[in-house]
Structures are given as structure tokens and as C-alpha cells.
Amino acid sequence: MGTHITMKEMPHEERPYEKCLQYGAAVLTDAELLAVIIRTGAKGTQSLELARNILQFSPSHGGILGIHHLTVKDLMSIRGIGKVKAIQIKCIAELSSRIAKATSPQSLSFQSPDVIARHYMEEMRHKHQEELLLIALNTKNRFICDRIISKGTVNSSLVSPREIFIDALQNNAVNIIILHNHPSGDPTPSREDISITERIKEAGSIIGITLLDHIVIGDNCYVSFNEQQIL
């Protein structure tokens, strides 16, 4: 086991704890915030340097967003990161996503695709596979619940209107909105996206549940079928 380098052994101006206490957490860089979580480095590596190594590790998603795309195994491959630290870092990433979504859905305007997309953006844009989410609404378009309906490619073989409307009926929904993510980051709807949306809309019209919108989530961007007049 190598000798750990603690915060106290770092130059005073580089100590994130002291900097946070004196100026507030908002002034800390991403690396400094992560160094506070890591607490100690490895032999020959300070915690701040280790934090910078983590933020630079993902070749496709640099910086703090890269943490969402790193697995525990990826993190453990970085010198100075063991299982406990890797789990702590992944839990911090998940916590940040949940904080971003913490606004009560009951207070959202479900007539605004932009508001809906921003609410679900952090939850969905980092996922490595497609997920289809159903939002159930009442007669006044107030939030009832949301549910993940399927995981995997959103196509007619994996997603059927039957699954969606069973869930919608069980929750007494009058209107629904569906969202799904594109892991590529490009929210442009595919032919399958358009096809399944048409099937869901037609099925809803028969049983009296209106599909208000289908929103495709990309990397910090989205496409609304309603806004694009595809629906």
C-alpha cells in the first residue's frame, strides 16, 4: 500500500476544504469539488491531481460529464481509485442527476415541451441504451405519474401501444406524453420513432386517451413531435 497524501500536506492555496470554507463551494473548480469527495490521493499523486485524471479519463465525454459515462470498473482502472472511491464517485453522479430532477413534477407545465425536456434531461441523456418513459396526465394535464415502459431500442417489436395504454388506464390517465432518449446524443427522430408514435396516437384515439407529445432527448437537446408538427 502506498503512502496517501492528505489535504493537509497540499499547499494551502490548493486545499479545496479551506477554499470552500472561506469563499463557498461555488468557487471550487470541478476538479476541486471532486478532490473533496476523493479526500486522499495515492503515493506521488495529490487528490487534486487524481481528480483531474478522472475528469480527463473519458475520451468521448471530457470533464465532469464524463463521470456519468464511466463504470465502477473504469474508475478502478485509474491509479489511486479503489472500489470504495469508485462507488462514491458513481453515487455522487447519480445524486447530481436526482437533484437536477428534484423539481416537483406537479408544478411543471406539461404544455411546454421545453420545460418537460429540461426536467427529464439529466435523468435520460447519460443513459447508454434507449429507454421509453410514459408520463400520465389527468383531464387538466396535471401530473399523475411517470413510468419506464421499455429499455432497449424503441421500435415496434419491443414497444407496443398495448403496454403503454395498460399502464395509462391503470393510472386513470386522460392524456399522455412519451419520452425516449437517443444515446448517440442526436435527438433526430428515426423512422421507427415516427412509426411507433403514429401507432400509439391511433390506439389512443380509439380508447379515449390523447397522446399530447413525443419528446426525444439528445445530449442537452431535444426534439418535440408536437413542436415539429410530426404528431
# chains A, B, ... in the order shown; residues from 1 in each chain; ligands from 1

$ select_by_dssp --residues "stretch 9-229 of chain A" --states "strand (DSSP E)" --output "PyMOL selection string"
chain A and resi 131-137+143-151+175-181+210-217+222-224

$ write_last_selection --atoms "C-alpha atoms" --output "compact mmCIF listing (two decimals), in the first residue's frame"
# COMPACT_ATOMS: atom_id res chain seq x y z
CA GLU A 131 -35.48 3.95 -22.61
CA LEU A 132 -39.11 4.87 -23.22
CA LEU A 133 -40.80 6.84 -20.46
CA LEU A 134 -44.55 7.37 -20.13
CA ILE A 135 -45.99 10.47 -18.40
CA ALA A 136 -49.62 10.07 -17.33
CA LEU A 137 -51.77 13.21 -17.02
CA PHE A 143 -49.08 15.08 -13.48
CA ILE A 144 -50.24 11.68 -12.23
CA CYS A 145 -47.07 9.58 -12.56
CA ASP A 146 -44.24 8.59 -14.86
CA ARG A 147 -43.02 5.10 -15.68
CA ILE A 148 -40.22 3.49 -17.70
CA ILE A 149 -42.11 1.32 -20.19
CA SER A 150 -39.20 -0.29 -22.02
CA LYS A 151 -35.42 -0.43 -22.21
CA ASN A 175 -53.69 12.39 -21.67
CA ILE A 176 -50.16 11.02 -22.04
CA ILE A 177 -46.73 12.18 -23.15
CA ILE A 178 -43.92 9.80 -24.07
CA LEU A 179 -40.19 10.50 -23.98
CA HIS A 180 -37.23 8.46 -25.04
CA ASN A 181 -33.51 9.12 -25.31
CA THR A 210 -54.76 11.53 -26.14
CA LEU A 211 -51.07 11.42 -26.96
CA LEU A 212 -50.04 15.06 -26.46
CA ASP A 213 -46.39 14.76 -27.46
CA HIS A 214 -43.42 12.51 -28.05
CA ILE A 215 -40.14 14.09 -26.95
CA VAL A 216 -36.78 12.64 -27.99
CA ILE A 217 -33.93 13.51 -25.62
CA TYR A 222 -34.39 17.56 -27.72
CA VAL A 223 -36.98 17.22 -30.47
CA SER A 224 -40.70 17.57 -29.75

$ residues_around --residues "A:Asn220" --least-positions-apart "5" --cutoff "9 Å" --atoms "only C-alpha atoms" --output "ChimeraX atom specification"
/A:118,121-122,125,185

$ write_last_selection --atoms "N, CA and C atoms" --output "PDB file, in the first residue's frame"
ATOM      1  N   ARG A 118     -36.304  19.738 -20.163  1.00  0.00           N
ATOM      2  CA  ARG A 118     -35.296  20.150 -19.178  1.00  0.00           C
ATOM      3  C   ARG A 118     -35.435  19.371 -17.876  1.00  0.00           C
ATOM      4  N   MET A 121     -34.025  15.861 -18.683  1.00  0.00           N
ATOM      5  CA  MET A 121     -32.780  15.832 -19.443  1.00  0.00           C
ATOM      6  C   MET A 121     -31.651  15.104 -18.716  1.00  0.00           C
ATOM      7  N   GLU A 122     -31.356  15.507 -17.477  1.00  0.00           N
ATOM      8  CA  GLU A 122     -30.225  14.910 -16.764  1.00  0.00           C
ATOM      9  C   GLU A 122     -30.457  13.447 -16.445  1.00  0.00           C
ATOM     10  N   ARG A 125     -30.270  11.754 -20.551  1.00  0.00           N
ATOM     11  CA  ARG A 125     -29.278  11.958 -21.614  1.00  0.00           C
ATOM     12  C   ARG A 125     -27.973  11.192 -21.420  1.00  0.00           C
ATOM     13  N   GLY A 185     -26.805  11.054 -28.751  1.00  0.00           N
ATOM     14  CA  GLY A 185     -26.823  12.488 -28.490  1.00  0.00           C
ATOM     15  C   GLY A 185     -27.597  13.279 -29.518  1.00  0.00           C
TER      16      GLY A 185
END

$ select_by_dssp --residues "stretch 161-212 of chain A" --states "alpha helix (DSSP H)" --output "PyMOL selection string"
chain A and resi 161-170+191-207

$ write_last_selection --atoms "N, CA and C atoms" --output "CSV table (one decimal), in the first residue's frame"
chain,number,residue,atom,x,y,z
A,161,PRO,N,-48.3,-0.3,-28.3
A,161,PRO,CA,-49.3,0.6,-27.7
A,161,PRO,C,-50.0,-0.1,-26.5
A,162,ARG,N,-50.2,-1.4,-26.6
A,162,ARG,CA,-50.9,-2.2,-25.5
A,162,ARG,C,-50.2,-1.9,-24.2
A,163,GLU,N,-48.9,-2.1,-24.1
A,163,GLU,CA,-48.1,-1.9,-22.9
A,163,GLU,C,-48.3,-0.5,-22.3
A,164,ILE,N,-48.3,0.5,-23.2
A,164,ILE,CA,-48.4,1.9,-22.8
A,164,ILE,C,-49.8,2.2,-22.2
A,165,PHE,N,-50.8,1.7,-22.9
A,165,PHE,CA,-52.2,2.0,-22.5
A,165,PHE,C,-52.7,1.2,-21.3
A,166,ILE,N,-52.1,0.0,-21.1
A,166,ILE,CA,-52.4,-0.7,-19.9
A,166,ILE,C,-52.0,0.1,-18.7
A,167,ASP,N,-50.8,0.6,-18.8
A,167,ASP,CA,-50.3,1.5,-17.7
A,167,ASP,C,-51.1,2.7,-17.6
A,168,ALA,N,-51.4,3.4,-18.7
A,168,ALA,CA,-52.1,4.6,-18.7
A,168,ALA,C,-53.5,4.4,-18.0
A,169,LEU,N,-54.2,3.4,-18.4
A,169,LEU,CA,-55.5,3.1,-17.9
A,169,LEU,C,-55.5,2.7,-16.4
A,170,GLN,N,-54.5,2.0,-16.0
A,170,GLN,CA,-54.3,1.7,-14.6
A,170,GLN,C,-54.2,2.9,-13.7
A,191,ARG,N,-37.2,6.6,-38.4
A,191,ARG,CA,-38.4,6.2,-39.0
A,191,ARG,C,-39.2,5.3,-38.0
A,192,GLU,N,-38.5,4.5,-37.2
A,192,GLU,CA,-39.2,3.7,-36.2
A,192,GLU,C,-39.8,4.6,-35.1
A,193,ASP,N,-39.2,5.7,-34.7
A,193,ASP,CA,-39.7,6.6,-33.8
A,193,ASP,C,-41.1,7.2,-34.3
A,194,ILE,N,-41.1,7.6,-35.5
A,194,ILE,CA,-42.3,8.1,-36.2
A,194,ILE,C,-43.4,7.1,-36.3
A,195,SER,N,-43.0,5.9,-36.7
A,195,SER,CA,-43.9,4.8,-36.9
A,195,SER,C,-44.6,4.4,-35.5
A,196,ILE,N,-43.9,4.2,-34.5
A,196,ILE,CA,-44.5,3.8,-33.2
A,196,ILE,C,-45.3,4.9,-32.6
A,197,THR,N,-44.9,6.2,-32.9
A,197,THR,CA,-45.7,7.3,-32.4
A,197,THR,C,-47.1,7.4,-33.1
A,198,GLU,N,-47.1,7.1,-34.4
A,198,GLU,CA,-48.4,7.1,-35.1
A,198,GLU,C,-49.3,6.0,-34.6
A,199,ARG,N,-48.7,4.8,-34.3
A,199,ARG,CA,-49.5,3.7,-33.8
A,199,ARG,C,-50.0,4.0,-32.4
A,200,ILE,N,-49.2,4.6,-31.5
A,200,ILE,CA,-49.7,5.0,-30.2
A,200,ILE,C,-50.8,6.0,-30.3
A,201,LYS,N,-50.6,7.0,-31.2
A,201,LYS,CA,-51.7,8.1,-31.3
A,201,LYS,C,-53.0,7.4,-31.8
A,202,GLU,N,-52.9,6.5,-32.8
A,202,GLU,CA,-54.1,5.9,-33.3
A,202,GLU,C,-54.8,5.0,-32.2
A,203,ALA,N,-54.0,4.3,-31.5
A,203,ALA,CA,-54.6,3.4,-30.4
A,203,ALA,C,-55.2,4.3,-29.4
A,204,GLY,N,-54.6,5.4,-29.0
A,204,GLY,CA,-55.2,6.3,-28.0
A,204,GLY,C,-56.5,6.9,-28.4
A,205,SER,N,-56.6,7.3,-29.7
A,205,SER,CA,-57.8,7.9,-30.2
A,205,SER,C,-59.0,6.9,-30.1
A,206,ILE,N,-58.7,5.6,-30.2
A,206,ILE,CA,-59.8,4.6,-30.1
A,206,ILE,C,-60.3,4.4,-28.7
A,207,ILE,N,-59.4,4.4,-27.7
A,207,ILE,CA,-59.8,4.2,-26.3
A,207,ILE,C,-60.0,5.5,-25.5

$ closest_residue --among "A:Leu95, A:Met124, A:Cys221, A:Val174" --to "A:Asp186" --atoms "only C-alpha atoms"
A:Cys221

$ closest_residue --among "A:His68, A:Ile78, A:Gly24, A:Lys90" --to "A:Glu123" --atoms "only C-alpha atoms"
A:His68

$ closest_residue --among "A:Lys127, A:Pro113, A:His119, A:Gly63" --to "A:Gln228" --atoms "only C-alpha atoms"
A:Pro113
